[in-house]
Structures are given as C-alpha cells and as structure tokens.
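Read through the structure below, which is laid out as structure tokens, and then see the notes.
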Amino acid sequence: MGKSFKILAIPYQVWLSVLVFIPLVAMVVISVTNLNSTVTLSELQFTMEHWVLLTQRPTLIAFRNSLIYAGSTTLISFVLGYFVAYQIFRLRIKNKFIVLTIVILPMWSNLILRTEALLNIFSENNILKSIMGFSLFGNIAGTPTAVLIGLVFTYMPFMILPIYTALEKIDYALEEAALDLGLTPMQSFWKVVFPLSFRGVVTGSILVFLPTMAGFAIPKILSKGRIIFIGNIIDTKFIYTNYNSGALLAVILLIFILGSILLMTRFDKEGETLL
Amino acid sequence: MKKIVLLTFIAILGVTLIGCNSAPKLRILNWGEYINDEVVAQFEEATGLNVVIDVADSNELFYSKIKSKTTAYDIVIPSDYMVEKMVEEEMLLELDYDLLPNRALVTYMEGVNQIYDSMTATTLARTGDTVDYTDYAVPYFWGTFGIIYNNRIEGLEESLQEHGWATYFDADTYFPTARRGMYDVAQFAYAAALTYLEENPNDYSASLLTQAEDVIRDANFTEWGDDTLKRNVESDNLDMAFVYTGDYLDRLYIQLDEGKTLAEVQADFNIFIPETALVFIDNMVIPYTSENIEGAHQFINFLLDPEIVALNSEVVGYATGLEEAYDIIVSNVTSEDPWRQAWATANLTYYNKDRAGTYTPMTALDPDAIDAINTMIETVISG
C-alpha cells in the first residue's frame, strides 16, 4: 500500500518541480540578470539596472494599492463572512450542504463574465435601468467602492468555507460546559467558540488575501483601468517582453505573500484548517 | 492496476487520434474574430490544406509566440510596428512573388502605400537600413484611428469637426464634464497626444514625453479600456474615446443587424477621423518557423483575390487594402439588401478611398522608450 502510494505521488511531484519549482528559480534568476529573449545564456550577466523600477512612483503606488485593497477585502470578508458561516453552523436543518452550495453558487460562472456583469450594473446606464427604468447602484463604476465590492463578492466564499469547517469541528460539549459554568451565550461565544474557530479565520484570510494581492483582472475591469495593482504592472512588463522588471516585481510580490503567510501561520501552527 | 494502465493508454490514444487529420496543415496565428469562416472553408476546399487557427490578442503575444517557437506557425497577422520589429530581428521570410500571381492583378490603396512608405522612413531613421516592407508583408486589413463620440451630447459633433483633436484633449476649454476614455495601450495615448501637439507621433524624447504627459493629464480620462470603450460610448456611459475606426464599425454592423438604420445609429454615436490620422495595418507575413511555406504563399495569394477579400470584409469592420475589393464593396451601395447597402455606405463614409489626409502608422519604439511611456501613463493614472 505505502509503496504504490509513493509511486502514484510521482506524477504530481514531477509536475510540481517542472511547472512550479523550476520556473520559480528562473524567475529569481531573471530578476537579477539581463536574461531575456534576445540575450543568450553565454551573455548572461548579473545586473540590477532595472531595480530603479522599485523607486518609481507608479510601482510604489501599485504596491500600496494591492496591500490596501487586499487588506480591506480580507477584513470586510471576515466581518461579513463570519456571520454567514456562523448562521450556517447554527442552522437547524439536516442538509447544510445545500446552503453551502448556495454560498459558492456565484463561482459556477466565469470570473471575468461575473466581473463584466458587475461593471455593467455599476455603470450609469446599465441593463437594470433599461429593463426596470431605474438602477440600484447609481454610477459607481470606476471607483474604489466598485473594486472593493467586486473583490469581496468574488472572494467571500473562500472566507466562509474554512470558518464554517472550523466551527463544525468544535465539540458541542465545550459550549455546554461553558454555559453550565455560568457564562452567558455571548460570553461563551467570545471565550470558547470564537477562539476555537480562529484557525478558520486565518485560513480564510490567507485564501482571500493572496489572490487579491496578486490579482489584476478584477481591479482593472471595475476601476475602468484607473486603479493600478502591482499585478497590472507585472502584466504590462511581460506583455512588452520586459521580463527582468516583471520577474523582479513578481519576486517582491512573492516575498510579501510569503511574509503574510508566515505571519498568519503563527496562529495556525499545524495548518489544520487548510486541509 | 494493469487494467487501469491499459485503459488510460487507450483513452490517451483515443484523444490524440481525434485531433488527427491526414491533410497537410497550415497554421495561422490570427486576432480573434478576424477572418470569415467561409473564406477559410473555401480555401480548404480549393487547396486541400487543413487550416488551424490560433488566436492571440496582442502584437506582443504574436511576437513571443513566434520567438519561443512553441508552435510552427505558417502565417501570422501582425501590425505595422511589429512587422518592423520582426524584420529587424530576422524573424520573417521574404515573400516569393512568383508564388503570388494575384499580386500583379490588384492595386494597393493609396493609404496602404503611404503606410509602407512611412514604415520604410522610420526604419531608415532608426537603423539606417532601407527596407521595402512589401518584400515581407501583404496587407490583410488596415484602418484609421478616430474619436468615437456620443452624439446624444449637444454640440459635440460640431466641436469635433471644427476643433478636431483639441475637443478631445483640451478638457478645460471644450466640454469639461464630458467623460473621456483612452485605449489602455500607453503608446496609443502617447502617439495621439503627439499628433494633437502636431509632432511626429513616432518621435521620442524626454521633452516630448513631458509634453505628452501634460496633455494626457489635462484630458482627465475617466476610463482606460479596450473593447469596453466602444460599448460604453454606445450605451451612453462615455462621451469620447480614441479607438480604432473598426471598433465603431463593429458596433455599427451589430446594430444594423438588429434592424437599426445607419442614420439612427449615427444619431446615437459616431466616429470622427481627424485629418492627420493615426493608422494601422495588419499584414500577412510568413515567420521563420513556417513548415509549410508553399501553403503559406497559397493562403496569401488566395487573400489577394478581390472577391475573397470582399467576402472577408463582410465580417471584419476594417478597411481592405485592395482597390478592387473596395470597388466590389462600395458597389453594394445600390443593393436591395439593406445590410449590404449600409455596409457599402459605411465603407464610403469611413474608409473612403479618395479621402484627403495624412496617414501615420505607429512605429516600433525601442524598449526603453516603450518602458518610459508605460511608466508615464501609469504615473498619470496613479495621480
């Protein structure tokens, strides 16, 4: 049994090293050298010329945007998502699976399609207006609010599901004991349930923070190209085959992401809820 | 275990075989929605070749796909500046005009010749080499850039016709509350700004960059988009945007299909093409990766047939490069079929062969200049 499992793990290990590990090394190499499509390996040289990019205003603003929006999205998703997860956890129905399915229902359609649809209903003259004669959203397309709504709407399920899993894992006996020992339901929530579900919060935060920080499609569409994330700059660099600068920014982004994972895993040492 | 392996093997084999077709292949790398399927079918029938079309949505992607040699494309359809770059990097094969007998039977439009001359001139200025681009390229479609505008805004059309570029860029003087949009391609914004400043859009210097930055900042763009621009002007969510004339025609044809008349559409939104217009040309070229050079020539020759080009133009809203094809298209102006009649009128209105004006394609600026322009635009956007 153990041996055949080892063999079956090989394909993914190969996959991982060919498509993740080697490119990662290549990315780091490209970020500190002059390697690109016209430079051959023999002309390879260490250079930090393109590092001037890191002092340019647009780059700094883009990093700031990515961090602020990723942080806000995580926070909003946590506050709103926790209540949803808690409600599902407390539901007295047998088939919670259906409720969870509804939570992830938006993910059944394509991300870009969903975002474009949001952009439409955020615009001044939108499909709702032409059908009903009025629109609920006013004209928020191109604003930070639109981007935040889009990000929260997209990534909230990633927050809800781990929190719900963490809540379900809590032994009900612990709550009963807390109530028996004289805590009010509110106190038992704050002293027992919430701390025990915190791992779910951490996992959910990672799952929301990372794609938001690295993403570029949602902000580009919903801000009408007016709010630049670091992903957008990386995108532009690679489109114009400026691989060195693109790789450099990607490496920095990676450091940010690894840093935030390390920070968060201090609360979830076993990484239990990730599974 | 053995059964699983066997089944997997059979499944893989099955999938592989489905993709097989014994006819020799012609691999084309094209833009999306940029060829009439009927043209492809007729070509396949005429030559027995099996046409495989991949699409990419930018010249830069064309470049990297050819450069990386992952697929042996036989035909690519890059724009002017990318053809310059590809020729410079020796990525294209010279055309063998003996294999293109149709070429002698057709005349290129005046605008097309102007574009090829302009490309030769910019290359000469940059590298000192004289390149005749018709050695490598045959026009696929070409077209102007213009300012698509919301005709529901009172006076905007008159202002554009009277003041041209200034109406679009000088937001302080003209229509300060108008919602302006720009293509999110930095070089387009830069070239448009330079054209407004009456400079050569292909020049680059630090001082020009600063001037362009001021102009672009003052225009106060509310949207940096792509296909979204035309749709937003159409739906009254934007008032002016710098776009391909074909972007406008694309929406126009869709509305005509839905039963509107040309006049009705123009009353909602229209496009203004400045006299000093920026233009582009997409060209059929044969990259050095080609494994079917003869087939590639057959395809180019096929698309030098005016009838075929006119057929292709029915689904693509850009201008044909051949006078003979243009004549076929505009001859439909007397057609009974309202769509064909509107199609011919649109070509007469927006791509008129005898239109006076200068046509300048955007050249391949060097990578450092492109990078600086990108950063400039990002700076403007970031505020």
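Letters A, B, ... mark the chains of the structure tokens in the order given; residue numbers begin at 1 per chain; ligand numbers begin at 1, in order shown.
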
- Using only C-alpha atoms, find which residues of chain A lie within 9 Å of chain B and jot them down as an NGL selection string. :A and (37 or 56-59 or 61-62 or 123-126 or 142 or 220-221 or 223-228 or 233 or 236-237 or 239-242)

- Query: Just asking: which residues within segment 304-375 of chain B are strand (DSSP E) according to DSSP, as JSON, numbers by chain?
  - Reply: {"B": [358, 359, 360, 361]}

Selection above as a file: C-alpha atoms, as a PDB file, in the first residue's frame:
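Once written, result01.pdb looks like this:
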```pdb
ATOM      1  CA  THR B 358      -2.074  62.006 -43.908  1.00  0.00           C
ATOM      2  CA  TYR B 359      -1.782  58.523 -42.515  1.00  0.00           C
ATOM      3  CA  THR B 360       0.898  57.742 -39.972  1.00  0.00           C
ATOM      4  CA  PRO B 361       1.325  54.269 -38.502  1.00  0.00           C
TER       5      PRO B 361
END
```

Closest-contact table, segment 94-207 of chain A side, partner segment 67-86 of chain A, 9 Å, counting only C-alpha atoms, as CSV:
```
residue,atom,partner,partner_atom,distance
A:Pro144,CA,A:Tyr69,CA,8.9
A:Val147,CA,A:Tyr69,CA,8.5
A:Leu148,CA,A:Thr73,CA,6.5
A:Ile149,CA,A:Thr73,CA,8.5
A:Leu151,CA,A:Thr73,CA,6.4
A:Val152,CA,A:Thr73,CA,5.5
A:Phe153,CA,A:Ser77,CA,8.5
A:Tyr155,CA,A:Ser77,CA,7.5
A:Met156,CA,A:Ser77,CA,5.2
A:Pro157,CA,A:Gly81,CA,7.7
A:Phe158,CA,A:Ser77,CA,8.9
A:Met159,CA,A:Gly81,CA,6.1
A:Ile160,CA,A:Gly81,CA,5.1
A:Leu161,CA,A:Ala85,CA,7.1
A:Pro162,CA,A:Ala85,CA,8.7
A:Ile163,CA,A:Ala85,CA,6.2
A:Tyr164,CA,A:Ala85,CA,4.8
A:Thr165,CA,A:Ala85,CA,8.7
A:Leu167,CA,A:Tyr86,CA,7.5
A:Val201,CA,A:Phe78,CA,7.1
A:Gly204,CA,A:Phe78,CA,7.8
A:Ser205,CA,A:Thr74,CA,5.7
A:Ile206,CA,A:Thr74,CA,8.4
A:Leu207,CA,A:Thr74,CA,8.9
```
